[in-house]
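Dropping target_14.cif in here (mmCIF, C-alpha atoms):
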data_protein
#
loop_
_atom_site.label_atom_id
_atom_site.label_comp_id
_atom_site.auth_asym_id
_atom_site.auth_seq_id
_atom_site.Cartn_x
_atom_site.Cartn_y
_atom_site.Cartn_z
CA MET A 293 19.74 5.56 -5.24
CA LYS A 294 17.13 4.03 -2.93
CA GLN A 295 13.45 3.81 -3.80
CA ILE A 296 11.03 4.07 -0.88
CA LEU A 297 7.37 3.31 -1.59
CA VAL A 298 4.64 4.43 0.81
CA ILE A 299 1.50 2.35 0.37
CA SER A 300 -1.62 1.27 2.21
CA GLY A 301 -4.12 -1.49 1.67
CA LYS A 302 -6.97 1.03 1.86
CA GLY A 303 -7.54 4.71 1.38
CA GLY A 304 -7.62 7.26 4.18
CA THR A 305 -4.85 5.88 6.37
CA GLY A 306 -2.61 8.95 6.03
CA LYS A 307 -0.30 7.52 3.38
CA THR A 308 0.12 10.75 1.43
CA VAL A 309 0.89 12.77 4.57
CA VAL A 310 3.60 10.27 5.51
CA ALA A 311 5.07 10.36 1.99
CA ALA A 312 5.12 14.16 2.03
CA SER A 313 6.75 14.16 5.45
CA LEU A 314 9.49 11.81 4.24
CA ALA A 315 10.09 14.09 1.27
CA VAL A 316 10.54 17.06 3.61
CA LEU A 317 12.91 15.13 5.89
CA ALA A 318 14.95 13.66 3.02
CA ASN A 319 15.49 17.10 1.44
CA LYS A 320 16.22 17.11 -2.28
CA SER A 321 14.98 13.65 -3.15
CA VAL A 322 12.86 12.88 -6.20
CA ILE A 323 9.21 12.74 -5.21
CA VAL A 324 6.72 10.62 -7.16
CA ASP A 325 2.94 10.48 -6.92
CA CYS A 326 1.91 7.10 -8.31
CA ASP A 327 -1.72 7.45 -7.25
CA VAL A 328 -2.52 8.56 -10.79
CA ASP A 329 -6.25 7.84 -10.50
CA ALA A 330 -6.67 10.29 -7.61
CA ALA A 331 -3.42 12.21 -7.18
CA ASP A 332 -3.31 14.51 -4.15
CA LEU A 333 0.36 14.82 -3.11
CA HIS A 334 0.48 18.13 -4.99
CA LEU A 335 -1.98 19.57 -2.46
CA LEU A 336 0.71 19.28 0.22
CA LEU A 337 3.90 20.02 -1.73
CA HIS A 338 2.60 22.73 -4.11
CA PRO A 339 4.73 21.81 -7.14
CA GLU A 340 5.41 24.24 -9.97
CA ILE A 341 4.96 22.40 -13.26
CA ARG A 342 8.00 22.63 -15.58
CA GLN A 343 7.05 20.07 -18.23
CA THR A 344 3.78 18.48 -19.34
CA GLN A 345 3.65 15.26 -21.37
CA ILE A 346 0.70 13.52 -22.99
CA PHE A 347 -0.07 9.94 -21.95
CA THR A 348 -1.71 7.80 -24.62
CA GLY A 349 -3.70 4.77 -23.54
CA LEU A 350 -4.97 1.79 -25.49
CA PRO A 351 -6.22 2.52 -29.02
CA LYS A 352 -9.91 3.35 -29.44
CA ALA A 353 -12.14 2.85 -32.46
CA VAL A 354 -12.94 5.75 -34.79
CA ILE A 355 -15.53 5.80 -37.60
CA ASP A 356 -14.74 7.48 -40.93
CA GLN A 357 -18.08 9.12 -41.69
CA GLU A 358 -17.28 9.45 -45.39
CA LYS A 359 -16.92 5.69 -45.74
CA CYS A 360 -19.62 4.57 -43.27
CA THR A 361 -22.81 3.25 -44.88
CA SER A 362 -24.73 3.02 -41.58
CA CYS A 363 -25.31 -0.68 -42.08
CA GLY A 364 -25.23 -1.30 -38.31
CA GLU A 365 -23.10 -4.45 -38.37
CA CYS A 366 -20.63 -2.89 -35.94
CA VAL A 367 -23.42 -2.10 -33.47
CA GLU A 368 -24.49 -5.73 -33.40
CA VAL A 369 -21.04 -7.04 -32.46
CA CYS A 370 -20.06 -4.33 -29.95
CA LYS A 371 -20.45 -5.90 -26.50
CA TYR A 372 -19.83 -2.58 -24.75
CA ASN A 373 -22.63 -0.57 -26.42
CA ALA A 374 -19.97 1.91 -27.50
CA ILE A 375 -21.39 2.65 -30.96
CA LEU A 376 -24.25 5.14 -30.95
CA LYS A 377 -26.13 7.35 -33.37
CA ASN A 378 -25.58 11.08 -33.05
CA ASP A 379 -28.06 13.89 -33.73
CA GLU A 380 -27.34 13.61 -37.44
CA LEU A 381 -28.19 9.88 -37.34
CA GLN A 382 -24.59 8.92 -38.01
CA PHE A 383 -22.84 6.17 -36.09
CA GLU A 384 -20.04 7.34 -33.79
CA ILE A 385 -17.88 5.84 -31.06
CA ASP A 386 -18.41 6.62 -27.39
CA THR A 387 -14.74 6.70 -26.35
CA ILE A 388 -15.59 6.25 -22.67
CA SER A 389 -17.44 2.99 -23.34
CA CYS A 390 -15.05 1.69 -26.01
CA GLU A 391 -12.69 -0.95 -24.61
CA GLY A 392 -10.46 -1.09 -27.69
CA CYS A 393 -11.26 -4.71 -28.58
CA ALA A 394 -11.26 -3.81 -32.33
CA VAL A 395 -13.98 -6.34 -33.24
CA CYS A 396 -15.88 -3.59 -35.07
CA THR A 397 -12.93 -2.99 -37.38
CA HIS A 398 -13.03 -6.61 -38.52
CA VAL A 399 -16.75 -6.77 -39.30
CA CYS A 400 -16.96 -3.46 -41.16
CA SER A 401 -17.38 -4.40 -44.82
CA VAL A 402 -16.26 -0.99 -46.11
CA SER A 403 -13.28 -0.54 -43.74
CA ALA A 404 -14.82 2.59 -42.26
CA ILE A 405 -13.61 1.87 -38.71
CA PHE A 406 -9.99 2.08 -37.60
CA MET A 407 -8.11 2.11 -34.31
CA THR A 408 -6.20 5.17 -33.14
CA LYS A 409 -4.35 6.24 -30.03
CA HIS A 410 -5.95 8.89 -27.88
CA GLU A 411 -5.01 11.11 -25.00
CA ALA A 412 -5.73 9.22 -21.78
CA GLY A 413 -4.06 11.61 -19.37
CA GLN A 414 -1.04 13.76 -18.68
CA TRP A 415 2.11 13.46 -16.61
CA PHE A 416 4.23 16.26 -15.26
CA ILE A 417 7.75 17.08 -14.18
CA SER A 418 7.55 19.73 -11.48
CA GLU A 419 9.72 21.46 -8.93
CA THR A 420 9.04 21.73 -5.20
CA GLN A 421 11.09 23.31 -2.44
CA PHE A 422 12.02 19.76 -1.39
CA GLY A 423 13.17 18.54 -4.79
CA PRO A 424 11.83 17.56 -8.22
CA MET A 425 8.45 15.85 -8.41
CA VAL A 426 6.97 13.59 -11.07
CA HIS A 427 3.20 13.17 -11.01
CA ALA A 428 0.30 12.48 -13.34
CA LYS A 429 -3.40 12.78 -13.93
CA LEU A 430 -5.35 9.99 -15.60
CA GLY A 431 -8.42 10.99 -17.58
CA ILE A 432 -11.95 10.21 -16.43
CA ALA A 433 -12.89 6.55 -16.94
CA GLU A 434 -9.49 5.81 -18.50
CA GLU A 435 -7.60 2.59 -17.90
CA ASN A 436 -3.92 1.60 -18.07
CA SER A 437 -3.10 3.36 -14.81
CA GLY A 438 -0.40 0.72 -14.27
CA MET A 439 1.30 1.81 -17.49
CA LEU A 440 1.13 5.45 -16.41
CA VAL A 441 2.61 4.54 -13.01
CA THR A 442 5.52 2.83 -14.77
CA THR A 443 6.04 5.91 -16.94
CA VAL A 444 6.31 8.35 -14.03
CA ARG A 445 8.54 5.97 -12.07
CA LYS A 446 11.00 5.61 -14.97
CA GLU A 447 11.17 9.37 -15.35
CA ALA A 448 11.77 9.83 -11.61
CA GLN A 449 14.61 7.30 -11.65
CA ALA A 450 16.20 9.07 -14.62
CA ILE A 451 16.03 12.41 -12.78
CA ALA A 452 17.55 10.88 -9.65
CA GLN A 453 20.44 9.37 -11.60
CA LYS A 454 21.06 12.55 -13.61
CA ASN A 455 21.17 14.73 -10.48
CA ASN A 456 22.85 12.15 -8.25
CA LEU A 457 19.99 12.20 -5.73
CA GLU A 458 19.98 9.56 -3.02
CA TYR A 459 16.27 8.84 -2.65
CA VAL A 460 13.18 8.36 -4.76
CA ILE A 461 10.17 8.71 -2.47
CA ILE A 462 6.98 7.30 -3.96
CA ASP A 463 3.43 7.93 -2.81
CA GLY A 464 1.69 4.80 -4.01
CA PRO A 465 -1.98 4.12 -4.75
CA PRO A 466 -4.23 2.29 -2.26
CA GLY A 467 -5.36 -1.30 -2.69
CA ILE A 468 -3.57 -4.25 -4.31
CA GLY A 469 -4.44 -3.81 -7.99
CA CYS A 470 -2.35 -3.21 -11.10
CA PRO A 471 -1.20 0.33 -10.15
CA VAL A 472 0.06 -0.97 -6.79
CA ILE A 473 1.97 -3.81 -8.45
CA ALA A 474 3.52 -1.31 -10.89
CA SER A 475 4.49 0.87 -7.91
CA LEU A 476 5.97 -2.02 -5.90
CA THR A 477 8.11 -3.62 -8.57
CA GLY A 478 11.80 -2.97 -8.02
CA VAL A 479 11.60 -0.71 -4.95
CA ASP A 480 14.04 -1.14 -2.07
CA ILE A 481 11.44 -1.01 0.69
CA ALA A 482 7.68 -0.65 1.08
CA LEU A 483 6.37 1.38 3.99
CA ILE A 484 2.80 0.29 4.72
CA VAL A 485 0.72 2.91 6.50
CA THR A 486 -2.20 1.39 8.37
CA GLU A 487 -4.60 2.22 11.17
CA PRO A 488 -5.82 0.08 14.10
CA THR A 489 -9.23 -0.74 12.67
CA LEU A 490 -10.58 -4.04 11.38
CA SER A 491 -10.60 -2.80 7.79
CA GLY A 492 -7.12 -1.35 8.25
CA ILE A 493 -5.74 -4.66 9.50
CA HIS A 494 -7.49 -6.63 6.76
CA ASP A 495 -6.22 -4.46 3.92
CA MET A 496 -2.73 -4.12 5.44
CA THR A 497 -2.50 -7.92 5.45
CA ARG A 498 -3.45 -8.09 1.76
CA VAL A 499 -0.86 -5.55 0.63
CA LEU A 500 1.78 -7.18 2.86
CA LYS A 501 1.16 -10.51 1.13
CA LEU A 502 1.51 -8.76 -2.23
CA ALA A 503 4.83 -7.22 -1.23
CA ASN A 504 6.09 -10.59 0.02
CA SER A 505 5.07 -12.28 -3.23
CA LEU A 506 7.18 -9.75 -5.14
CA GLY A 507 10.14 -10.17 -2.81
CA ILE A 508 9.89 -6.59 -1.51
CA LYS A 509 10.87 -5.88 2.10
CA ALA A 510 8.00 -4.24 3.95
CA VAL A 511 7.71 -2.35 7.23
CA CYS A 512 4.67 -0.79 8.86
CA VAL A 513 3.60 2.51 10.40
CA ILE A 514 0.45 2.55 12.56
CA ASN A 515 -1.23 5.91 12.14
CA LYS A 516 -3.68 7.02 14.88
CA TYR A 517 -2.34 4.11 16.94
CA ASP A 518 -4.18 5.16 20.11
CA ILE A 519 -7.74 4.95 18.78
CA ASN A 520 -7.72 1.21 19.51
CA THR A 521 -4.74 -0.05 21.49
CA ASN A 522 -5.89 -3.68 21.31
CA ASN A 523 -5.79 -3.62 17.52
CA THR A 524 -2.47 -1.80 17.66
CA GLU A 525 -1.04 -4.69 19.69
CA LYS A 526 -2.43 -7.19 17.15
CA ILE A 527 -0.71 -5.33 14.31
#

Please lay out the structure from this file as structure tokens.
Amino acid sequence: MKQILVISGKGGTGKTVVAASLAVLANKSVIVDCDVDAADLHLLLHPEIRQTQIFTGLPKAVIDQEKCTSCGECVEVCKYNAILKNDELQFEIDTISCEGCAVCTHVCSVSAIFMTKHEAGQWFISETQFGPMVHAKLGIAEENSGMLVTTVRKEAQAIAQKNNLEYVIIDGPPGIGCPVIASLTGVDIALIVTEPTLSGIHDMTRVLKLANSLGIKAVCVINKYDINTNNTEKI
């Protein structure tokens, strides 16, 4: 089993189109969309969802209204302004603003605040005419996209091994952040899709350095190569 990751230092270079094209050419590989923050590979491959799984992110604070005395101590220590009063003048947690630091649970004198896991997104096992596909959707303003990337990659590898498929083709996220690192780790080769623009060259260089630092072999495709032949020669 070989894992091929298609990445780009920036968005809009044509990375997803290249990944989809490789999936068509490979025929019956496992296809993975690791751009969980803004997944769009499904728009090209039209997967039919077979299984849906819940992804739980970092724990968030919850207030037990029966125990809460509305003393306001938790509000004073919350650095994220995540504790607000509702229409009934009760304190409640804004789950989007809450960063899960749990400081409020320690200062509450009546133990009315506790941490609980919550649904941060979903991931899917689907079927396309070119093979099985594993993809995901992270919730709005949710974090831990690197953890979700790792989850879908592990599932894709398990499917490939179970069905004796030769390739795992991964459409990676743009940039060089945590989701990209989670996508890069352990792949056999990284295919960097770039374009002959100054921003394309700059961001290609950054992601190439990242791949090198992780010991991942990288090659490059220049999309729209003829819009600036001088920059193409530099690349």

Practice task
Would you translate the PyMOL selection byres ((chain A and resi 406-416) around 10) into the concrete set of residues it matches in this file, as a ChimeraX atom specification?
Solution key: /A:328-329,339-356,387,392-394,396-398,400,403-405,417-419,425-437,440-441,443-444,447

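Using all atoms listed in the file for every distance, the candidate list A:Ala482, A:Cys390, A:Ile451, A:Val402 yields A:Val402 as the residue closest to Gly364 of chain A.
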
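Comparing the minimum interatomic distances between Leu490 of chain A and each of A:Lys516, A:Lys526, A:Lys359, A:Lys307, counting only C-alpha atoms, we find that A:Lys526 sits nearest.
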
Exercise for the section: Could you list the residues chosen by the PyMOL selection byres ((chain A and resi 486) around 7) in this structure as a ChimeraX atom specification? Expected result: /A:300,305,484-485,487-488,492,496,513-515

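You can rank A:Gly423, A:Ser505, A:Ile323, A:Asp495 by their closest distance to Gly304 of chain A using all atoms listed in the file, and at the top of that list sits A:Asp495.
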
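Minimum atom-to-atom distance to Val399 of chain A, evaluated using all atoms listed in the file, belongs to A:Cys366 out of A:Ala448, A:Val309, A:Cys366, A:Ala503.
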
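Each of A:Ile481, A:Leu333, A:Met439, A:Ala474 was compared to Val460 of chain A using all atoms listed in the file, and A:Ile481 turns out to be the nearest.
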